[in-house]
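First comes the structure, then the notes that go with it.
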Amino acid sequence: MTKKTIALLPGDGIGPEVTSVATSILKAACGAYDVEVETEEFLFGGCSYDEHGEPVTEETLDACLNSDAVLLGAVGGPKWDDLLSEHRPEAALLKLRKTLGTYTNLRPIKIYSALMGASSLKPEILEGTDILIVRELTGGIYFGKPRHTKEVDGDVVATDAMVYSKSEIERVARKAFEAAKKRNGRVCSVDKSNILDTSRLWRKTVSELSSDYPDIELTHMLVDNCAMQLVRNPKQFDVILTGNMFGDILSDEASMLTGSIGMLPSASIGDKTGLYEPVHGSAPDIAGQNKANPLAAIASAAMLCRYSLDLSNAAKNIETAIDEVLAAGYRSGDIYSGSDDETLLSTELMGEQVLKSLLKPESVAE
Ligand code: IPM
Ligand code: MN
């Protein structure tokens, strides 16, 4: 048995519910390949602020850095909305991403055929859609300096700076080109180069780098057009490469292609420990009710197996189990249409169905 240590940051709202389900599935999936997953849990986000007066402690950051991977639930909620920005739960997430150096955020948009009817788009528009959003995660307007709110001439003025260096763009663009090699060989780089200097540098850098990848077809698209194209004809995209804030917005939009943001996993990778989290937020309105969709967290655990544990078979087994559970008609509230062939399940029962499907002897890939 090989042992792997996973730092668990369940966080706030529905975070603990979905993380607990995802953890049991992670343990089972890895166990099938003789990898023992040991977890260490830490407060993170609003709950850490309540206990320690800060949304993440140095001890937690260190533990994450020293683990084999980090599995996170969600952070935030109305309770902490009025805190100073450095105390807000979201600040913990930015600090963690920066500490771990996870400059590449992978957000796959996979359409499950069983959920074709759950999206607000028509099935014929969705069919065949398979997108990977590669979002830059440790730079841009989320981290740029200066950042402040000041009184100026009797008015109040707030400033956030969008800053990108060539090297920051290059390293994430490489990840996008590499990912495209294993997919359909196309990268669409998204920017706002008709207005922004950072975007002009982005476009130039990505174009120059593309000569290292002669087999990859590179196109460029303005972000406003991309937002429109994602709902007009999502099939046209393979890998979408974009900056931090554009990627944040486009990935929420793209999540609706799958029917629910409750379906979208993410992996954040860089040079150190990888961080895995569902794209959805803490959903305070349904927190603690055993209603949340755990599939995004479970699919994030699959990405953890693939990118941090080198267990691509375990990853595939989890993904197949999700497919099977959906095909069998099991649904959480966010993807339930009420039709006769669907069964509405709680968070825990959905986890049990995935586990059952995972543990069938024939689901362990060699
Ligand atoms: C996400 C979230 C975060 C982000 C927030 C919670 C800081 O929306 O991961 O997409 O904006 O990156
Ligand atoms: Mn977001």
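Here, A, B, ... name the chains of the structure tokens in the order displayed, residue numbers run from 1 inside each chain, and ligands are numbered from 1 in the same displayed order.
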Return as CSV the residues of chain A lying at most 12 Å from ligand 2, together with the closest atom-to-atom pair for each and the distance in Å to one decimal, counting only C-alpha atoms and all ligand atoms, with rows in chain order and ascending residue number.
```
residue,atom,partner,partner_atom_place_in_ligand_line,distance
A:Ala74,CA,ligand 2,1 (Mn),10.8
A:Val75,CA,ligand 2,1 (Mn),11.3
A:Glu90,CA,ligand 2,1 (Mn),10.5
A:Leu93,CA,ligand 2,1 (Mn),11.4
A:Leu94,CA,ligand 2,1 (Mn),11.9
A:Asn105,CA,ligand 2,1 (Mn),11.3
A:Arg107,CA,ligand 2,1 (Mn),10.8
A:Arg135,CA,ligand 2,1 (Mn),10.8
A:Leu137,CA,ligand 2,1 (Mn),11.0
A:Tyr142,CA,ligand 2,1 (Mn),11.7
A:Asn244,CA,ligand 2,1 (Mn),9.7
A:Met245,CA,ligand 2,1 (Mn),8.5
A:Phe246,CA,ligand 2,1 (Mn),9.8
A:Gly247,CA,ligand 2,1 (Mn),8.2
A:Asp248,CA,ligand 2,1 (Mn),4.5
A:Ile249,CA,ligand 2,1 (Mn),6.4
A:Leu250,CA,ligand 2,1 (Mn),8.8
A:Ser251,CA,ligand 2,1 (Mn),7.2
A:Asp252,CA,ligand 2,1 (Mn),6.3
A:Glu253,CA,ligand 2,1 (Mn),9.7
A:Ala254,CA,ligand 2,1 (Mn),11.3
A:Ser255,CA,ligand 2,1 (Mn),10.5
A:Ile261,CA,ligand 2,1 (Mn),10.1
A:Leu264,CA,ligand 2,1 (Mn),11.1
A:Pro265,CA,ligand 2,1 (Mn),11.7
A:Ser266,CA,ligand 2,1 (Mn),10.8
A:Glu277,CA,ligand 2,1 (Mn),11.2
A:Pro278,CA,ligand 2,1 (Mn),9.9
A:Val279,CA,ligand 2,1 (Mn),6.4
A:His280,CA,ligand 2,1 (Mn),7.2
A:Gly281,CA,ligand 2,1 (Mn),7.7
A:Ser282,CA,ligand 2,1 (Mn),11.3
```
Requested in this report: Among the residues of range 198-284 of chain A, find those DSSP assigns to strand (DSSP E or B) from the backbone and print them as a list in words.
Outcome: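 Of range 198-284 of chain A, only Glu217, Leu218, Thr219, His220, Met221, Leu222, Val239, Ile240, Leu241, Thr242, Ala267, Ser268, Ile269, Gly274, Leu275 and Tyr276 of chain A fall in strand (DSSP E or B).
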Query raised in the report: Can you list every residue in range 157-330 of chain A that DSSP puts in helix (DSSP H, G or I), as a PyMOL selection string?
Result: chain A and resi 166-181+197-212+223-232+234-236+244-255+261-263+284-286+295-308+312-327
Query - Selection near Arg97 in chain A, 10 Å with only C-alpha atoms, sequence-local residues under 3 positions removed, as a list in words - result: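 Everything that qualifies: Leu61, Ala91, Ala92, Leu93, Leu94, Leu100, Gly101, Thr102, Tyr103, Thr104, Asn105, Leu137, Thr138, Ser268, Ile269, Gly270, Thr273, Gly274 and Leu275 of chain A.
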Deliver the residues from the most recent selection as a file, using all heavy atoms, as a short mmCIF file (atom, residue, chain, number, x, y, z; two decimals), in the first residue's frame.
```cif
data_model
loop_
_atom_site.label_atom_id
_atom_site.label_comp_id
_atom_site.auth_asym_id
_atom_site.auth_seq_id
_atom_site.Cartn_x
_atom_site.Cartn_y
_atom_site.Cartn_z
N LEU A 61 -1.99 26.69 5.63
CA LEU A 61 -1.29 26.86 4.34
C LEU A 61 -0.09 25.90 4.26
O LEU A 61 0.14 25.25 3.23
CB LEU A 61 -0.81 28.31 4.17
CG LEU A 61 -1.92 29.35 3.95
CD1 LEU A 61 -1.35 30.77 4.01
CD2 LEU A 61 -2.64 29.13 2.62
N ALA A 91 -10.68 35.67 0.38
CA ALA A 91 -9.26 36.04 0.48
C ALA A 91 -8.42 34.80 0.78
O ALA A 91 -7.28 34.67 0.34
CB ALA A 91 -9.07 37.10 1.56
N ALA A 92 -9.02 33.86 1.54
CA ALA A 92 -8.30 32.63 1.88
C ALA A 92 -8.01 31.83 0.61
O ALA A 92 -6.93 31.26 0.44
CB ALA A 92 -9.14 31.80 2.84
N LEU A 93 -9.00 31.82 -0.26
CA LEU A 93 -8.84 31.05 -1.49
C LEU A 93 -7.73 31.64 -2.36
O LEU A 93 -6.89 30.92 -2.92
CB LEU A 93 -10.19 31.09 -2.23
CG LEU A 93 -10.44 30.08 -3.31
CD1 LEU A 93 -10.11 28.68 -2.84
CD2 LEU A 93 -11.91 30.14 -3.73
N LEU A 94 -7.71 32.96 -2.45
CA LEU A 94 -6.68 33.60 -3.27
C LEU A 94 -5.30 33.35 -2.66
O LEU A 94 -4.32 33.08 -3.37
CB LEU A 94 -6.94 35.11 -3.40
CG LEU A 94 -8.26 35.50 -4.08
CD1 LEU A 94 -8.24 36.97 -4.49
CD2 LEU A 94 -8.60 34.64 -5.28
N LEU A 100 0.21 27.95 -3.16
CA LEU A 100 0.48 26.68 -3.85
C LEU A 100 1.01 26.91 -5.27
O LEU A 100 1.43 25.98 -5.93
CB LEU A 100 -0.80 25.82 -3.91
CG LEU A 100 -1.42 25.41 -2.57
CD1 LEU A 100 -2.67 24.57 -2.81
CD2 LEU A 100 -0.43 24.63 -1.71
N GLY A 101 0.98 28.15 -5.71
CA GLY A 101 1.48 28.46 -7.06
C GLY A 101 0.67 27.79 -8.16
O GLY A 101 1.18 27.42 -9.21
N THR A 102 -0.63 27.66 -7.92
CA THR A 102 -1.49 26.97 -8.90
C THR A 102 -1.92 27.96 -9.98
O THR A 102 -3.04 28.45 -9.97
CB THR A 102 -2.73 26.39 -8.22
OG1 THR A 102 -3.36 27.44 -7.48
CG2 THR A 102 -2.38 25.26 -7.27
N TYR A 103 -1.03 28.21 -10.92
CA TYR A 103 -1.32 29.25 -11.92
C TYR A 103 -2.24 28.78 -13.05
O TYR A 103 -2.71 29.58 -13.84
CB TYR A 103 0.00 29.82 -12.48
CG TYR A 103 0.90 28.78 -13.12
CD1 TYR A 103 0.72 28.40 -14.44
CD2 TYR A 103 1.94 28.19 -12.39
CE1 TYR A 103 1.54 27.45 -15.01
CE2 TYR A 103 2.76 27.24 -12.96
CZ TYR A 103 2.57 26.88 -14.28
OH TYR A 103 3.37 25.93 -14.85
N THR A 104 -2.48 27.47 -13.12
CA THR A 104 -3.37 26.95 -14.17
C THR A 104 -4.61 26.31 -13.57
O THR A 104 -4.50 25.42 -12.74
CB THR A 104 -2.66 25.87 -15.00
OG1 THR A 104 -1.49 26.43 -15.57
CG2 THR A 104 -3.55 25.35 -16.12
N ASN A 105 -5.76 26.80 -13.97
CA ASN A 105 -7.01 26.23 -13.49
C ASN A 105 -7.72 25.54 -14.66
O ASN A 105 -8.00 26.17 -15.68
CB ASN A 105 -7.86 27.39 -12.93
CG ASN A 105 -9.19 26.95 -12.34
OD1 ASN A 105 -10.19 27.65 -12.50
ND2 ASN A 105 -9.21 25.86 -11.64
N LEU A 137 -4.72 31.57 -13.03
CA LEU A 137 -5.34 31.63 -11.70
C LEU A 137 -4.59 32.44 -10.64
O LEU A 137 -5.12 32.70 -9.57
CB LEU A 137 -5.56 30.21 -11.18
CG LEU A 137 -6.61 30.02 -10.10
CD1 LEU A 137 -8.00 30.40 -10.57
CD2 LEU A 137 -6.61 28.60 -9.56
N THR A 138 -3.36 32.85 -10.91
CA THR A 138 -2.64 33.54 -9.83
C THR A 138 -2.17 34.93 -10.24
O THR A 138 -1.26 35.49 -9.63
CB THR A 138 -1.42 32.70 -9.36
OG1 THR A 138 -0.62 32.37 -10.50
CG2 THR A 138 -1.85 31.44 -8.67
N SER A 268 -6.59 22.88 -10.04
CA SER A 268 -5.67 24.02 -10.11
C SER A 268 -4.27 23.47 -9.90
O SER A 268 -3.97 22.90 -8.85
CB SER A 268 -6.01 25.04 -9.03
OG SER A 268 -7.36 25.43 -9.16
N ILE A 269 -3.46 23.64 -10.92
CA ILE A 269 -2.14 23.02 -10.85
C ILE A 269 -1.03 24.03 -11.16
O ILE A 269 -1.25 25.05 -11.81
CB ILE A 269 -2.03 21.78 -11.77
CG1 ILE A 269 -2.51 22.13 -13.17
CG2 ILE A 269 -2.84 20.63 -11.22
CD1 ILE A 269 -2.48 20.97 -14.13
N GLY A 270 0.15 23.72 -10.68
CA GLY A 270 1.30 24.60 -10.89
C GLY A 270 2.54 23.79 -10.63
O GLY A 270 2.63 22.64 -11.05
N THR A 273 1.87 21.74 -4.85
CA THR A 273 0.71 20.88 -4.59
C THR A 273 -0.51 21.32 -5.41
O THR A 273 -0.79 22.51 -5.51
CB THR A 273 0.36 20.96 -3.09
OG1 THR A 273 1.56 20.80 -2.35
CG2 THR A 273 -0.63 19.91 -2.69
N GLY A 274 -1.26 20.37 -5.94
CA GLY A 274 -2.47 20.69 -6.71
C GLY A 274 -3.68 20.88 -5.81
O GLY A 274 -3.77 20.30 -4.71
N LEU A 275 -4.60 21.71 -6.28
CA LEU A 275 -5.80 22.06 -5.51
C LEU A 275 -7.03 21.70 -6.33
O LEU A 275 -7.12 22.06 -7.51
CB LEU A 275 -5.74 23.57 -5.23
CG LEU A 275 -6.98 24.29 -4.74
CD1 LEU A 275 -7.38 23.79 -3.35
CD2 LEU A 275 -6.71 25.81 -4.67
#
```
Report task. Could you tell me how far CA of Leu359 in chain A lies from CA of Asp34 in chain A, in Å and to one decimal? Result -> 14.1 Å
Could you give me, as an mmCIF file with all heavy atoms, in the first residue's frame, the residues within 10 Å of Phe237 in chain A, counting only C-alpha atoms and dropping anything in the same chain fewer than 6 positions from it?
```cif
data_model
loop_
_atom_site.group_PDB
_atom_site.id
_atom_site.type_symbol
_atom_site.label_atom_id
_atom_site.label_comp_id
_atom_site.auth_asym_id
_atom_site.auth_seq_id
_atom_site.Cartn_x
_atom_site.Cartn_y
_atom_site.Cartn_z
ATOM 1 N N THR A 129 -20.568 18.699 -27.545
ATOM 2 C CA THR A 129 -19.768 19.740 -26.883
ATOM 3 C C THR A 129 -18.809 19.105 -25.867
ATOM 4 O O THR A 129 -19.198 18.256 -25.073
ATOM 5 C CB THR A 129 -20.694 20.741 -26.150
ATOM 6 O OG1 THR A 129 -21.489 21.404 -27.133
ATOM 7 C CG2 THR A 129 -19.900 21.760 -25.361
ATOM 8 N N ASP A 130 -17.554 19.505 -25.937
ATOM 9 C CA ASP A 130 -16.540 19.013 -25.005
ATOM 10 C C ASP A 130 -15.448 20.085 -24.939
ATOM 11 O O ASP A 130 -14.643 20.213 -25.848
ATOM 12 C CB ASP A 130 -15.990 17.681 -25.530
ATOM 13 C CG ASP A 130 -14.927 17.098 -24.608
ATOM 14 O OD1 ASP A 130 -14.627 17.712 -23.569
ATOM 15 O OD2 ASP A 130 -14.390 16.026 -24.942
ATOM 16 N N ILE A 131 -15.491 20.869 -23.879
ATOM 17 C CA ILE A 131 -14.597 22.032 -23.784
ATOM 18 C C ILE A 131 -13.720 21.912 -22.545
ATOM 19 O O ILE A 131 -14.161 21.416 -21.512
ATOM 20 C CB ILE A 131 -15.427 23.350 -23.671
ATOM 21 C CG1 ILE A 131 -16.436 23.466 -24.823
ATOM 22 C CG2 ILE A 131 -14.532 24.589 -23.624
ATOM 23 C CD1 ILE A 131 -17.406 24.634 -24.676
ATOM 24 N N LEU A 132 -12.483 22.366 -22.659
ATOM 25 C CA LEU A 132 -11.650 22.517 -21.473
ATOM 26 C C LEU A 132 -11.301 24.001 -21.347
ATOM 27 O O LEU A 132 -10.645 24.566 -22.230
ATOM 28 C CB LEU A 132 -10.359 21.701 -21.598
ATOM 29 C CG LEU A 132 -9.402 21.874 -20.417
ATOM 30 C CD1 LEU A 132 -9.981 21.280 -19.128
ATOM 31 C CD2 LEU A 132 -8.036 21.239 -20.709
ATOM 32 N N ILE A 133 -11.763 24.623 -20.278
ATOM 33 C CA ILE A 133 -11.369 26.012 -20.029
ATOM 34 C C ILE A 133 -10.071 25.986 -19.224
ATOM 35 O O ILE A 133 -9.991 25.346 -18.170
ATOM 36 C CB ILE A 133 -12.464 26.791 -19.275
ATOM 37 C CG1 ILE A 133 -13.740 26.846 -20.140
ATOM 38 C CG2 ILE A 133 -11.983 28.210 -18.917
ATOM 39 C CD1 ILE A 133 -14.875 27.666 -19.555
ATOM 40 N N ASN A 184 -8.445 17.690 -28.924
ATOM 41 C CA ASN A 184 -8.713 17.804 -30.360
ATOM 42 C C ASN A 184 -7.803 18.786 -31.093
ATOM 43 O O ASN A 184 -8.104 19.215 -32.216
ATOM 44 C CB ASN A 184 -10.187 18.129 -30.593
ATOM 45 C CG ASN A 184 -11.049 16.946 -30.180
ATOM 46 O OD1 ASN A 184 -10.726 15.802 -30.513
ATOM 47 N ND2 ASN A 184 -12.089 17.194 -29.401
ATOM 48 N N ARG A 186 -6.973 21.969 -30.706
ATOM 49 C CA ARG A 186 -7.310 23.373 -30.982
ATOM 50 C C ARG A 186 -7.306 24.200 -29.706
ATOM 51 O O ARG A 186 -7.826 23.762 -28.676
ATOM 52 C CB ARG A 186 -8.687 23.454 -31.650
ATOM 53 C CG ARG A 186 -8.664 22.899 -33.079
ATOM 54 C CD ARG A 186 -10.008 23.001 -33.769
ATOM 55 N NE ARG A 186 -10.961 22.102 -33.159
ATOM 56 C CZ ARG A 186 -12.085 22.472 -32.574
ATOM 57 N NH1 ARG A 186 -12.429 23.743 -32.524
ATOM 58 N NH2 ARG A 186 -12.900 21.592 -32.045
ATOM 59 N N VAL A 187 -6.697 25.384 -29.800
ATOM 60 C CA VAL A 187 -6.721 26.323 -28.673
ATOM 61 C C VAL A 187 -7.352 27.623 -29.158
ATOM 62 O O VAL A 187 -6.956 28.167 -30.183
ATOM 63 C CB VAL A 187 -5.296 26.630 -28.148
ATOM 64 C CG1 VAL A 187 -5.323 27.763 -27.111
ATOM 65 C CG2 VAL A 187 -4.659 25.384 -27.540
ATOM 66 N N CYS A 188 -8.348 28.106 -28.406
ATOM 67 C CA CYS A 188 -8.903 29.436 -28.674
ATOM 68 C C CYS A 188 -8.499 30.323 -27.501
ATOM 69 O O CYS A 188 -8.902 30.073 -26.359
ATOM 70 C CB CYS A 188 -10.425 29.353 -28.802
ATOM 71 S SG CYS A 188 -11.169 30.971 -29.042
ATOM 72 N N CYS A 226 -16.816 35.659 -27.232
ATOM 73 C CA CYS A 226 -16.741 34.299 -26.696
ATOM 74 C C CYS A 226 -17.962 33.989 -25.815
ATOM 75 O O CYS A 226 -18.542 32.903 -25.893
ATOM 76 C CB CYS A 226 -15.453 34.116 -25.907
ATOM 77 S SG CYS A 226 -15.274 32.465 -25.232
ATOM 78 N N GLN A 229 -20.604 33.249 -28.291
ATOM 79 C CA GLN A 229 -20.382 31.995 -29.037
ATOM 80 C C GLN A 229 -20.607 30.754 -28.169
ATOM 81 O O GLN A 229 -21.006 29.704 -28.673
ATOM 82 C CB GLN A 229 -18.959 31.957 -29.612
ATOM 83 C CG GLN A 229 -18.661 33.023 -30.665
ATOM 84 C CD GLN A 229 -19.477 32.856 -31.943
ATOM 85 O OE1 GLN A 229 -20.015 31.794 -32.220
ATOM 86 N NE2 GLN A 229 -19.593 33.935 -32.709
ATOM 87 N N LEU A 230 -20.356 30.870 -26.873
ATOM 88 C CA LEU A 230 -20.526 29.715 -25.980
ATOM 89 C C LEU A 230 -21.973 29.228 -25.940
ATOM 90 O O LEU A 230 -22.231 28.040 -25.767
ATOM 91 C CB LEU A 230 -20.089 30.069 -24.554
ATOM 92 C CG LEU A 230 -18.636 29.815 -24.213
ATOM 93 C CD1 LEU A 230 -18.315 30.378 -22.832
ATOM 94 C CD2 LEU A 230 -18.302 28.323 -24.234
#
```
Hey, what's within 10 Å of Ala114 in chain A if we count only C-alpha atoms and toss same-chain stuff fewer than 6 positions away? As a tab-separated table (two decimals) with all heavy atoms, in the first residue's frame, please?
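Wrote it out as out-v2.tsv, contents follow:
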```
chain	number	residue	atom	x	y	z
A	323	ASP	N	-21.17	8.78	-14.69
A	323	ASP	CA	-21.96	8.53	-15.91
A	323	ASP	C	-23.09	7.54	-15.66
A	323	ASP	O	-24.23	7.75	-16.05
A	323	ASP	CB	-21.06	7.88	-16.99
A	323	ASP	CG	-20.40	8.92	-17.88
A	323	ASP	OD1	-20.94	10.03	-17.99
A	323	ASP	OD2	-19.33	8.61	-18.45
A	324	GLU	N	-22.72	6.43	-15.00
A	324	GLU	CA	-23.70	5.36	-14.79
A	324	GLU	C	-24.84	5.80	-13.88
A	324	GLU	O	-26.00	5.47	-14.13
A	324	GLU	CB	-22.99	4.14	-14.16
A	324	GLU	CG	-22.12	3.41	-15.17
A	324	GLU	CD	-21.34	2.24	-14.57
A	324	GLU	OE1	-21.43	2.04	-13.33
A	324	GLU	OE2	-20.66	1.56	-15.34
A	325	VAL	N	-24.48	6.54	-12.84
A	325	VAL	CA	-25.50	6.99	-11.90
A	325	VAL	C	-26.49	7.94	-12.59
A	325	VAL	O	-27.70	7.86	-12.39
A	325	VAL	CB	-24.80	7.65	-10.68
A	325	VAL	CG1	-25.75	8.51	-9.89
A	325	VAL	CG2	-24.16	6.58	-9.81
A	326	LEU	N	-25.95	8.80	-13.43
A	326	LEU	CA	-26.84	9.72	-14.16
A	326	LEU	C	-27.69	8.96	-15.17
A	326	LEU	O	-28.88	9.22	-15.33
A	326	LEU	CB	-26.00	10.81	-14.87
A	326	LEU	CG	-25.33	11.83	-13.93
A	326	LEU	CD1	-24.37	12.70	-14.72
A	326	LEU	CD2	-26.38	12.69	-13.23
A	327	ALA	N	-27.04	7.99	-15.85
A	327	ALA	CA	-27.78	7.21	-16.85
A	327	ALA	C	-28.90	6.42	-16.19
A	327	ALA	O	-29.95	6.19	-16.80
A	327	ALA	CB	-26.83	6.28	-17.59
A	328	ALA	N	-28.68	6.03	-14.93
A	328	ALA	CA	-29.72	5.27	-14.22
A	328	ALA	C	-30.84	6.19	-13.71
A	328	ALA	O	-31.80	5.73	-13.09
A	328	ALA	CB	-29.10	4.52	-13.06
A	329	GLY	N	-30.70	7.49	-13.94
A	329	GLY	CA	-31.78	8.42	-13.61
A	329	GLY	C	-31.68	9.06	-12.23
A	329	GLY	O	-32.59	9.78	-11.82
A	330	TYR	N	-30.59	8.82	-11.50
A	330	TYR	CA	-30.46	9.44	-10.18
A	330	TYR	C	-30.13	10.92	-10.35
A	330	TYR	O	-29.28	11.29	-11.15
A	330	TYR	CB	-29.39	8.73	-9.36
A	330	TYR	CG	-29.78	7.31	-9.05
A	330	TYR	CD1	-29.09	6.23	-9.60
A	330	TYR	CD2	-30.88	7.04	-8.22
A	330	TYR	CE1	-29.48	4.92	-9.34
A	330	TYR	CE2	-31.27	5.74	-7.96
A	330	TYR	CZ	-30.57	4.68	-8.52
A	330	TYR	OH	-30.95	3.40	-8.26
```
Query - Polymer residues at most 9 Å from Lys166 in chain A, only C-alpha atoms, same-chain spacing of 2 or more positions, as a list of chain:residue names - result: A:Tyr164, A:Glu168, A:Ile169, A:Glu170, A:Arg171, A:Leu201, A:Trp202, A:Thr205
Report task. Compare A:Met256, A:Ile298, A:Ala227, A:Val21 by their minimum atom-to-atom distance to Leu126 in chain A, counting only C-alpha atoms, and give me the closest one. Result ->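 When distances to Leu126 in chain A are compared using only C-alpha atoms, the smallest one comes from A:Met256.
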Requested in this report: Using only C-alpha atoms and all ligand atoms, pick whichever of A:Ser346, A:Ser85, A:Thr320, A:Asn313 has the shortest atom-to-atom distance to ligand 1.
Outcome: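 Closest residue, counting only C-alpha atoms and all ligand atoms: A:Ser85.
Comparing the minimum interatomic distances between Lys235 in chain A and each of A:Glu38, A:Asp197, A:Glu127, A:Glu319, counting only C-alpha atoms, we find that A:Glu127 sits nearest.
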Query - For CA of Asp340 in chain A and CA of Asn293 in chain A, the interatomic separation in Å (one decimal) - result: 19.7 Å
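Note that the spacing between CA of Leu345 in chain A and CA of Ser332 in chain A amounts to 5.3 Å.
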Query raised in the report: Of the candidates A:Leu311, A:Val239, A:Leu218, A:Leu72, which shows the shortest atom-to-atom distance to ligand 1, using only C-alpha atoms and all ligand atoms?
Result: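 Under the stated criterion, the closest residue is A:Leu72.
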**Report entry** Using only C-alpha atoms and all ligand atoms: which of A:Gly243, A:Ser167, A:Thr23, A:Ser189 has the shortest distance to ligand 1
**Finding:**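 Closest residue, counting only C-alpha atoms and all ligand atoms: A:Gly243.
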